[in-house]
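Novice: My questions all concern the structure below.
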Amino acid sequence: MPLLSVKNLSHTYPNGYQALHDVSFEVEAGEFLVIIGLSGSGKSTLLRCLNRLVEPTEGTILVNGQDVTHVSDASLRSHRSGIGMIFQHFNLIPRHTVLSNVLYGALGTTSTMSSITGRFTDQQRQRALSALEVVGIRDKVENRADALSGGQQQRVAIARALMQQPQLLLADEPVASLDPATSHSVMDYLERINKDLGTTVICNLHFLSLVRRYATRVIALKGGHLVFNGKPEDISDEWFRTIYGEEAMEVDIR
């Protein structure tokens, strides 16, 4: 049984714009799947459907064989607790410490009163420190988030996602706001989480050089349609033009 099975998934926004059209694919546990495509191709909408930040209009999403397409309340909280999410713009609280920002990743599994008062257990604090160790930034534990570089802030965001001990980690353009050298550093940590912790990763990326370096499999969206599903090495020049257009030029991130 695949970890994730997406069947005939479509999403139409209230203004009538259809971002996804009949998308189907599966993800096995332990994969590092990368989603590529032009801006506006539906990549972010797809990730938000998977963790139910966006309600699918049609189709089915199965996680470990369980239908989570339209779950709500406790079932939705349970679904989200097993999925970590990393955003392009970090979404940290600037004036709070690195440790506090990471601990906030445990709010979904913390009692309401503890969430309100900011009280976390010793076990949660140790897990936060361990997560910071994984991304190589434990020495910044007492620093304010806004005192860190962009790459360091993204590593804090990754550590925050690890607080959920997710079986599935979603990363929406995690290096789009970073310079090339820092991009590889952040991607290296995602690869480590995938390989060393066994966490399945689904990541939206733009640059094919990063895709070829880190992905175990690639799917491509164009205009909300799935147009490619295969290995990174199978993306030929012809496929590149099909996905990105005849005038597109590949940019190498080293």
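Letters for chains follow the order of the structure tokens (A, B, ...), residue numbers begin at 1 for each chain, and ligand numbers begin at 1 in the order shown.
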Enumerate, as a compact mmCIF listing (two decimals) with N, CA and C atoms, in the first residue's frame, the complete set of residues in region 48-123 of chain A that a backbone-based DSSP assignment places in strand (DSSP E or B).
Specialist:
# COMPACT_ATOMS: atom_id res chain seq x y z
N GLU A 58 -12.85 17.95 -6.27
CA GLU A 58 -13.18 16.59 -6.72
C GLU A 58 -11.98 15.69 -6.47
N GLY A 59 -12.22 14.38 -6.48
CA GLY A 59 -11.15 13.41 -6.34
C GLY A 59 -11.00 12.90 -4.93
N THR A 60 -9.94 12.11 -4.72
CA THR A 60 -9.73 11.42 -3.45
C THR A 60 -8.27 11.49 -3.04
N ILE A 61 -8.03 11.68 -1.74
CA ILE A 61 -6.69 11.63 -1.16
C ILE A 61 -6.70 10.54 -0.10
N LEU A 62 -5.85 9.53 -0.29
CA LEU A 62 -5.73 8.44 0.68
C LEU A 62 -4.36 8.49 1.32
N VAL A 63 -4.29 8.40 2.64
CA VAL A 63 -3.03 8.31 3.37
C VAL A 63 -3.03 6.99 4.13
N GLN A 66 -6.33 5.36 4.11
CA GLN A 66 -7.47 6.04 4.74
C GLN A 66 -7.85 7.27 3.93
N ASP A 67 -9.13 7.41 3.65
CA ASP A 67 -9.64 8.55 2.89
C ASP A 67 -9.66 9.79 3.79
N ILE A 83 1.66 15.32 9.29
CA ILE A 83 2.22 15.99 8.12
C ILE A 83 2.90 17.28 8.54
N GLY A 84 4.20 17.40 8.28
CA GLY A 84 4.91 18.64 8.52
C GLY A 84 4.86 19.52 7.28
N MET A 85 4.89 20.84 7.48
CA MET A 85 4.79 21.77 6.36
C MET A 85 5.87 22.83 6.49
N ILE A 86 6.62 23.04 5.40
CA ILE A 86 7.65 24.07 5.34
C ILE A 86 7.27 25.04 4.23
N THR A 97 12.39 33.43 20.41
CA THR A 97 13.64 32.71 20.26
C THR A 97 13.51 31.54 19.29
Novice: Contacts of region 214-222 of chain A at 6 Å or less, counting only C-alpha atoms, minus same-chain residues fewer than 2 places along, as an MDAnalysis selection string?
Specialist: chainID A and resid 32:37 41 211:212 224:232
Novice: Neighbouring residues of Ser24 (chain A) were defined as those with any atom within 8 Å, considering only C-alpha atoms; residues of the same chain fewer than 6 positions away were excluded. Please report them as a PyMOL selection string.
Specialist: chain A and resi 5-9+226
Novice: Write out as a PyMOL selection string all residues of region 19-194 of chain A that DSSP puts in alpha helix (DSSP H) for this structure's backbone.
Specialist: chain A and resi 43-50+73-81+98-103+112-117+122-134+150-162+180-194
Novice: Could you name the residues that touch His96 (chain A) at 10 Å or less, counting only C-alpha atoms, but leaving out those on the same chain fewer than 3 positions away, as an MDAnalysis selection string?
Specialist: chainID A and resid 92:93 99:101 142:146
